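Visitor: Quick one: structure below, then a few questions.
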Amino acid sequence: MSIHGKAYIAGIYEHPTRRADGISTAQLHAEVALGALADAGLTLDDVDGYFCGADAPGLGGLTMAEYIGLNHLRHVDTTESGGSAYLLHVSHAAQAIAAGHCNVALITMADRPLASAAGTALAGVDRNTMPNLPFQAAVPPPPMYGYAMVARRHMHEFGTTAEQLAWVRVAASHHAQHNPNAVHRTVVTVQEVLDSPMVANPLRRLDCCVMTDGGGAVVLVRPEIAKQLKRPAVKLIGAGEAVKHPNAGHIDLTWSAGAHSGAKAFTEAGIKPADIGYVSLYDSFTITVIMQLEDLGFCAKGEGGRFVADGNLISGQGRLPFNTDGGGLCNNHPGNKGGMTKILEAVRQCRGEAHPAVQVRNPEFVLAHGTGGNLAGAHAAGTLILQAE
Amino acid sequence: MGKHCPACNQLHYYPRPHCPFCGHRETQWRQLSGKGHVYSHSIVERSPRPMAPAIIELEEGIRLHSVVTDADVYALEIGEAVTLRFLPTQDGPPVPGFTTVRAEHARAYGDHARQLLKSAPSPLIDALDQVAVIGSGHMGVGISLAFLQAGLKVQLIDQAQEALDGAQQRIQETLDQELSKGRLDQETRNQRLARLAVSTDLSSIGKAGLVVEAVWEDMALKRELFARIDAHAHPDAILATNTSTLDVGEIAQATQRPGAVVGLHFFNPAHVMRLIEIVRTPLTSARTLQAAQAVASRIGKTGIVVGICDGFVGNRLMIVRERQAGRLLLEGALPHQIDRFLREFGLPMGTFELQDMAGGIALMHRSRQRRGERDWLIQQLFESGRLGMRAGRGFYRYEAGKRRPIVDPEVTVLIEEASRQEGLKRRPIGDEELHDRLILPMINEGAKLISEGIVDRASDIDLVWQLGYGWPQWKGGPMYYADQLGARQIVNRLEALQARHGEMFKPADLLVELAASGGRLTAPAP
């Protein structure tokens with residue numbers, strides 16, 4: 001069943017906080033839910049489908065449904081795939097709407113690793129239950145080392161350089177300067193990225209995303225409802241999801257699950273990468289962006305480093321503007337999961353509501369993509385293609 | 001261990017009861033080679049034990065997430081050969097990790113180098129029961145503890161009763177710490193303390209089979225003291241000095257038995273560090289030398305015989321490195337840059353963080369004053385109270401109670417001013433230059449030590465640096481490392497430095513010879 005045109009994104013909301021002292025995670029979920037519904041011009045009573053990940057406190061989506069006040073639910077989905085979960089939720093919500101399971105789907109995401117001192121932990125992940133644990137190093141290394149290994153292999157196979165990685169950060173910083181909520185608003189140079197301390201060789205501090213609290217929400221509705229609302233309509237025309245894992249010893253770091261999720265989404269949308277005017281790409285680390293650009297078909301495998309160089313991702317300057325809110329590298333990465341914020345900026349670009357300094361002129365098609373889990377281990381990719389109407 | 005599926009003939013890792021490829025329910029254990037190469041890796045920065053998260057491709061073709069450890073992780077490359085090395089865990093069975101084949105070779109070399117140290121037995125030391133330690137300062141206390149730990153009786157002698165009381169207290173505190181950490185039981189602790197006697201009377205040392213002098217570094221003082229020791233010591237006793245800078249031969253001449261005099265250069269803290277440089281003079285008898293080597297083994301240390309020269313083996317290499325480190329500061333490098341390079345090279349600490357920890361600025365200031373040298377930077381640091389970690393500031397600044405050095409812009413300003421004073425225009429200095437300027441002079445100095453006959457063999461220099469200065473076993477030692485680079489390469493680079501910076505980089509004759517002949521400094525392990 002194709003979801004092309006079966007659902008519209010009618011409301012979005014991004015929580016302005018970057019450090020949520022004195023606000024509970026549940027409260028954050030409620031605030032983003034109310035924010036997105038208000039944006040859409042809908043109320044709690046309109047919601048009949050609810051989607052959330054493991055960051056939602058309590059049992060599945062049930063505790064939050066009660067806390068937020070969702071009293072007419074006919075459909076609940078608590079898919080968890082790390083940072084990409086919310087892209088999968090959008091896809092699942094569109095399927096549910098298309099199948100008649102619900103009319104108004106609410107997706108919430110919020111967490112507070114800083115205020116709760118949870119560090120790089122992901123909500124809902126219990127490392128102790130992982131079956132591979134006894135066969136790995138004494139302390140499971142933090143996720144950044146996985147991305148570092150992807151980066152080193154990419155450099156080895158394709159000649160990608162630290163300077164090229166740095167260009168991803170430089171582009172994000174150009175965009176973040178216009179975002180008053182962004183954690184890092186200073187424009188940086190390639191040299192400044194190269195001068196930042198090594199964190200997980202070959203990745204440096206400025207190759208890494210920020211850690212923040214916060215969250216966001218999205219409301220999807222069926223087309224008939226979207227037409228009655230006042231906000232600019234954003235049509236979902238393609239979605240894809242795919243899983244990749246180490247496959248019991250058959251690891252290959254040169255491609256990600258995005259190769260499959262992207263192909264599926266483009267087929268469903270009936271367009272080509274060249275038709276895309278703006279991309280939201282998961283940017284946990286600079287290498288993540290380069291891998292996804294290749295896997296989604298914006299350039300050939302191995303060309304990602306050259307593709308991002310010389311400001312090619314900077315809005316108004318390069319061929320493919322990306323993460324015009326500053327992305328995870330500069331703006332925010334709530335709960336160590338960057339998928340929700342990728343959707344939000346993609347919708348803003350579709351609506352023409354991004355900051356004027358970074359707004360792409362009439363981008364008919366935009367793409368939002370996320371990679372959740374670990375790029376070097378098990379991960380799930382989600383791709384969404386949106387059309388402005 | 002991996003699992004093999006008889007149905008689809010595939011190997012998988014990590015192991016499961018079923019086959020993840022075909023679903024077959026009965027899989028069989030299969031011993032894996034444990035050999036492979038690096039597919040990709042990262043590095044854990046500032047890890048006390050070198051640690052590189054890595055994906056390893058085994059000979060069997062499967063790739064797995066693991067770590068490479070106890071190896072030169074900063075020199076690790078994709079494709080490098082690795083072999084299994086189990087890592088202990090706190091409360092579970094050891095987990096598999098890997099180390100490089102290069103590191104295994106270096107460790108085998110080190111083991112062989114230790115084998116070469118075996119010396120003739122010494123009946124004198126086998127019968128040793130009592131040791132006299134003269135001088136109850138920091139070194140005297142450490143040396144006394146080292147002998148007490150080996151179950152020997154120690155007479156600690158000093159002219160001031162106050163100093164002795166303090167020393168006795170410190171020895172007791174150290175033993176109590178060992179007790180509280182569970183490394184010692186109450187009875188052993190009491191026994192050790194009971195075996196310690198303190199006295200201000202030098203004439204009471206007559207029963208000691210070994211006398212170790214550890215007083216202030218002053219030739220006149222030591223000579224006068226050795227004349228008195230000579231008068232009171234047992235006729236068969238070995239007389240040792242702990243000097244780290246003075247000519248042991250000259251000290252020996254103050255006695256009527258120069259053949260019985262030897263240097264025992266302990267490293268600080270003497271009860272912890274496992275190295276003793278045994279300094280022989282031209283007059284030291286074979287019996288004395290054997291005894292000195294036996295003493296080292298008796299107290300669980302490694303004794304390396306060296307000849308007399310300024311700084312002996314360890315410090316002589318250190319001094320040339322330190323001189324370059326100071327010079328590099330003026331030319332454009334900063335302390336944290338040099339320290340990071342040295343740590344990534346494999347040494348436990350960098351030059352400047354080590355100085356800060358050891359209170360080196362005061363020492364450097366004093367030694368320069370003594371030699372009448374002017375060093376504007378050291379003087380500024382000294383006068384502004386930047387005496388090191390304990391003062392909270394030195395080459396770095398330190399947060400109260402923390403040991404982690406923090407880069408201090410104030411020091412950067414001082415260094416930049418020092419460059420101006422020297423008339424030097426600061427320039428960026430890369431890691432390659434740091435390597436050549438800091439490491440090659442050590443190798444060069446080591447080659448000279450061999451030619452001068454200060455050491456018996458090149459590997460002794462490496463053992464001194466492993467045991468006394470923390471040169472990692474996985475990198476062999478400066479001489480072993482030199483052989484990895486090759487003499488030709490080293491001579492070429494030293495000549496380039498000589499052309500730019502002067503005669504201090506002139507390649508040692510031995511290196512020039514080896515470059516021509518293609519020979520090696522060290523003998524390979526069999």
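Identifiers for the structure tokens are assigned positionally: chains receive A, B, ... in sequence, residues are indexed from 1 per chain, and ligands are indexed from 1 in the order shown.
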Which of segment 44-183 of chain B end up as strand (DSSP E or B) when DSSP is run on this backbone - answer as a PyMOL selection string?

Guide: chain B and resi 44+51-58+63-69+81-87+95-100+130-134+153-157

Visitor: Restricted to C-alpha atoms, what would the selected residues look like written as a PDB file, in the first residue's frame?

Guide:
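Once everything was written out, this is part.pdb:
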ATOM      1  CA  VAL B  44      40.188   6.209  23.499  1.00  0.00           C
ATOM      2  CA  MET B  51      42.778   1.259  24.009  1.00  0.00           C
ATOM      3  CA  ALA B  52      41.511   1.313  20.450  1.00  0.00           C
ATOM      4  CA  PRO B  53      37.924   0.260  19.824  1.00  0.00           C
ATOM      5  CA  ALA B  54      38.256  -1.701  16.609  1.00  0.00           C
ATOM      6  CA  ILE B  55      36.567  -3.974  14.136  1.00  0.00           C
ATOM      7  CA  ILE B  56      38.831  -6.964  13.537  1.00  0.00           C
ATOM      8  CA  GLU B  57      38.681  -9.123  10.443  1.00  0.00           C
ATOM      9  CA  LEU B  58      39.726 -12.633  11.425  1.00  0.00           C
ATOM     10  CA  ARG B  63      34.558  -9.265  11.304  1.00  0.00           C
ATOM     11  CA  LEU B  64      33.835  -8.471  14.906  1.00  0.00           C
ATOM     12  CA  HIS B  65      33.645  -5.479  17.206  1.00  0.00           C
ATOM     13  CA  SER B  66      36.482  -5.586  19.727  1.00  0.00           C
ATOM     14  CA  VAL B  67      39.412  -3.527  21.008  1.00  0.00           C
ATOM     15  CA  VAL B  68      43.121  -3.362  20.330  1.00  0.00           C
ATOM     16  CA  THR B  69      45.080  -2.841  23.526  1.00  0.00           C
ATOM     17  CA  ALA B  81      48.112  -7.668  11.891  1.00  0.00           C
ATOM     18  CA  VAL B  82      46.600  -8.408  15.313  1.00  0.00           C
ATOM     19  CA  THR B  83      46.357 -11.381  17.592  1.00  0.00           C
ATOM     20  CA  LEU B  84      44.071 -12.364  20.459  1.00  0.00           C
ATOM     21  CA  ARG B  85      44.806 -10.973  23.911  1.00  0.00           C
ATOM     22  CA  PHE B  86      42.353 -11.551  26.730  1.00  0.00           C
ATOM     23  CA  LEU B  87      41.376  -8.643  28.909  1.00  0.00           C
ATOM     24  CA  VAL B  95      36.781 -10.918  27.527  1.00  0.00           C
ATOM     25  CA  PRO B  96      38.507 -11.207  24.178  1.00  0.00           C
ATOM     26  CA  GLY B  97      40.503  -8.268  22.886  1.00  0.00           C
ATOM     27  CA  PHE B  98      43.391  -7.978  20.497  1.00  0.00           C
ATOM     28  CA  THR B  99      46.902  -6.641  20.435  1.00  0.00           C
ATOM     29  CA  THR B 100      49.170  -5.978  17.482  1.00  0.00           C
ATOM     30  CA  GLN B 130      71.399  -6.142  57.701  1.00  0.00           C
ATOM     31  CA  VAL B 131      71.686  -2.954  55.654  1.00  0.00           C
ATOM     32  CA  ALA B 132      72.709   0.515  56.781  1.00  0.00           C
ATOM     33  CA  VAL B 133      71.125   3.497  55.028  1.00  0.00           C
ATOM     34  CA  ILE B 134      72.843   6.831  55.602  1.00  0.00           C
ATOM     35  CA  LYS B 153      67.043  -5.396  58.853  1.00  0.00           C
ATOM     36  CA  VAL B 154      67.665  -1.706  58.236  1.00  0.00           C
ATOM     37  CA  GLN B 155      69.708   0.745  60.256  1.00  0.00           C
ATOM     38  CA  LEU B 156      68.771   4.258  59.251  1.00  0.00           C
ATOM     39  CA  ILE B 157      71.495   6.744  60.172  1.00  0.00           C
TER      40      ILE B 157
END

Visitor: Could you list, as a PDB file with N, CA and C atoms, in the first residue's frame, the residues of chain A having an atom within 7 Å of chain B when counting only C-alpha atoms?

Guide:
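Written output follows (result.pdb):
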ATOM      1  N   ASN A 132      25.025  -9.946  22.885  1.00  0.00           N
ATOM      2  CA  ASN A 132      26.416  -9.930  22.412  1.00  0.00           C
ATOM      3  C   ASN A 132      27.380  -9.456  23.492  1.00  0.00           C
ATOM      4  N   PHE A 135      30.633 -11.161  24.692  1.00  0.00           N
ATOM      5  CA  PHE A 135      31.643 -11.405  23.671  1.00  0.00           C
ATOM      6  C   PHE A 135      32.299 -10.117  23.207  1.00  0.00           C
ATOM      7  N   GLN A 136      32.053  -9.025  23.922  1.00  0.00           N
ATOM      8  CA  GLN A 136      32.630  -7.753  23.530  1.00  0.00           C
ATOM      9  C   GLN A 136      33.537  -7.234  24.628  1.00  0.00           C
ATOM     10  N   ALA A 137      34.162  -6.085  24.350  1.00  0.00           N
ATOM     11  CA  ALA A 137      35.088  -5.491  25.302  1.00  0.00           C
ATOM     12  C   ALA A 137      34.398  -5.261  26.639  1.00  0.00           C
ATOM     13  N   ALA A 138      35.215  -5.218  27.692  1.00  0.00           N
ATOM     14  CA  ALA A 138      34.692  -5.154  29.051  1.00  0.00           C
ATOM     15  C   ALA A 138      33.628  -4.076  29.216  1.00  0.00           C
ATOM     16  N   TYR A 145      32.569   5.938  19.128  1.00  0.00           N
ATOM     17  CA  TYR A 145      33.655   5.163  18.540  1.00  0.00           C
ATOM     18  C   TYR A 145      33.183   4.397  17.303  1.00  0.00           C
ATOM     19  N   ALA A 148      33.292   6.851  14.600  1.00  0.00           N
ATOM     20  CA  ALA A 148      34.704   7.114  14.288  1.00  0.00           C
ATOM     21  C   ALA A 148      35.254   6.024  13.372  1.00  0.00           C
ATOM     22  N   MET A 149      34.855   4.781  13.626  1.00  0.00           N
ATOM     23  CA  MET A 149      35.350   3.678  12.790  1.00  0.00           C
ATOM     24  C   MET A 149      34.769   3.764  11.382  1.00  0.00           C
ATOM     25  N   ARG A 152      36.885   6.432   9.711  1.00  0.00           N
ATOM     26  CA  ARG A 152      38.218   5.989   9.321  1.00  0.00           C
ATOM     27  C   ARG A 152      38.153   5.063   8.095  1.00  0.00           C
ATOM     28  N   ARG A 153      37.161   4.178   8.085  1.00  0.00           N
ATOM     29  CA  ARG A 153      37.036   3.275   6.943  1.00  0.00           C
ATOM     30  C   ARG A 153      36.726   4.079   5.673  1.00  0.00           C
ATOM     31  N   VAL A 199      38.310  13.707  19.871  1.00  0.00           N
ATOM     32  CA  VAL A 199      37.394  13.065  20.815  1.00  0.00           C
ATOM     33  C   VAL A 199      37.406  11.556  20.611  1.00  0.00           C
ATOM     34  N   ALA A 200      37.149  11.138  19.393  1.00  0.00           N
ATOM     35  CA  ALA A 200      37.212   9.711  19.053  1.00  0.00           C
ATOM     36  C   ALA A 200      37.881   9.664  17.684  1.00  0.00           C
ATOM     37  N   ASN A 201      39.178   9.566  17.719  1.00  0.00           N
ATOM     38  CA  ASN A 201      40.006   9.608  16.524  1.00  0.00           C
ATOM     39  C   ASN A 201      39.377   8.793  15.386  1.00  0.00           C
ATOM     40  N   PRO A 202      39.134   9.330  14.192  1.00  0.00           N
ATOM     41  CA  PRO A 202      39.538  10.644  13.699  1.00  0.00           C
ATOM     42  C   PRO A 202      38.518  11.763  13.917  1.00  0.00           C
ATOM     43  N   ALA A 248      25.998 -11.004  12.340  1.00  0.00           N
ATOM     44  CA  ALA A 248      26.736 -12.146  12.899  1.00  0.00           C
ATOM     45  C   ALA A 248      28.158 -12.275  12.373  1.00  0.00           C
ATOM     46  N   GLY A 249      28.811 -11.125  12.196  1.00  0.00           N
ATOM     47  CA  GLY A 249      30.217 -11.174  11.787  1.00  0.00           C
ATOM     48  C   GLY A 249      30.468 -10.714  10.363  1.00  0.00           C
ATOM     49  N   HIS A 250      29.419 -10.250   9.687  1.00  0.00           N
ATOM     50  CA  HIS A 250      29.588  -9.786   8.303  1.00  0.00           C
ATOM     51  C   HIS A 250      29.409  -8.273   8.246  1.00  0.00           C
ATOM     52  N   ILE A 251      30.301  -7.588   8.924  1.00  0.00           N
ATOM     53  CA  ILE A 251      30.208  -6.129   9.039  1.00  0.00           C
ATOM     54  C   ILE A 251      30.740  -5.482   7.759  1.00  0.00           C
TER      55      ILE A 251
END

Visitor: Any idea what the distance is between atom CA of His4 of chain B and atom CA of Pro134 of chain A?

Guide: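 A separation of 18.6 Å between them.
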
Visitor: Please extract the residues of segment 312-342 of chain A with a backbone DSSP assignment of helix (DSSP H, G or I) and present them as a list in words.

Guide: Gly327, Gly328, Leu329, Cys330, Gly339, Met340, Thr341 and Lys342 of chain A

Visitor: Could you turn the residues from that selection into a file that holds C-alpha atoms, as a CSV table (one decimal), in the first residue's frame?

Guide:
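Output (selection.csv):
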chain,number,residue,atom,x,y,z
A,327,GLY,CA,20.9,20.6,13.1
A,328,GLY,CA,22.2,18.4,15.8
A,329,LEU,CA,25.7,19.7,15.3
A,330,CYS,CA,24.9,23.2,16.4
A,339,GLY,CA,15.1,12.4,14.3
A,340,MET,CA,12.2,14.6,15.4
A,341,THR,CA,14.1,17.9,14.9
A,342,LYS,CA,15.0,16.7,11.3

Visitor: From the set B:Asp310, B:Leu116, B:Arg228, B:Arg343, which residue has the shortest atom-to-atom contact distance to Thr243 of chain B, counting only C-alpha atoms?

Guide: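 Smallest separation from Thr243 of chain B among the options: B:Asp310.
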
Visitor: Excluding Gly23 of chain B and residues on its chain fewer than 6 positions from it, collect all residues at most 12 Å away from it, counting only C-alpha atoms, and give them as JSON, numbers by chain.

Guide: {"B": [5, 6, 7, 8, 10, 16, 17]}

Visitor: Please produce a file of those selected residues containing C-alpha atoms, as a short mmCIF file (atom, residue, chain, number, x, y, z; two decimals), in the first residue's frame.

Guide:
data_model
loop_
_atom_site.label_atom_id
_atom_site.label_comp_id
_atom_site.auth_asym_id
_atom_site.auth_seq_id
_atom_site.Cartn_x
_atom_site.Cartn_y
_atom_site.Cartn_z
CA CYS B 5 26.38 -24.25 10.94
CA PRO B 6 26.57 -27.73 9.38
CA ALA B 7 23.48 -27.03 7.28
CA CYS B 8 24.64 -23.90 5.43
CA GLN B 10 28.62 -20.63 7.53
CA ARG B 16 24.12 -18.41 19.22
CA PRO B 17 22.41 -21.80 19.57
#

Visitor: Excluding Asp325 of chain A and its own-chain neighbours fewer than 6 positions away, which residues fall within 7 Å of it when counting only C-alpha atoms? Please give them as an NGL selection string.

Guide: :A and (175-176 or 179 or 331 or 345)

Visitor: Set the distance at 10 Å and use only C-alpha atoms: which residues neighbour Glu353 of chain B once local chain neighbours fewer than 2 positions away are removed? I'd like the list as a VMD selection string.

Guide: chain B and resid 335 to 336 338 to 340 349 to 351 355 to 360 388 to 389 394 to 396 403 to 406

Visitor: Name all residues at most 7 Å from Gly146 of chain A (count only C-alpha atoms; drop same-chain ones fewer than 4 positions away) and give them as a list in words.

Guide: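 Surrounding residues, per the criterion: Val150, Asn374, Leu375 and Ala376 of chain A.
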
Visitor: For Cys208 of chain A, work out the shell of residues within 7 Å, counting only C-alpha atoms and skipping chain neighbours fewer than 2 positions away, then give it as a PyMOL selection string.

Guide: chain A and resi 204-206+210+284-286+329

Visitor: To one decimal place, how far is atom CA of Ile9 of chain A from atom CA of Gln292 of chain A in Å?

Guide: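 Result for atom CA of Ile9 of chain A versus atom CA of Gln292 of chain A: 23.6 Å, one decimal.
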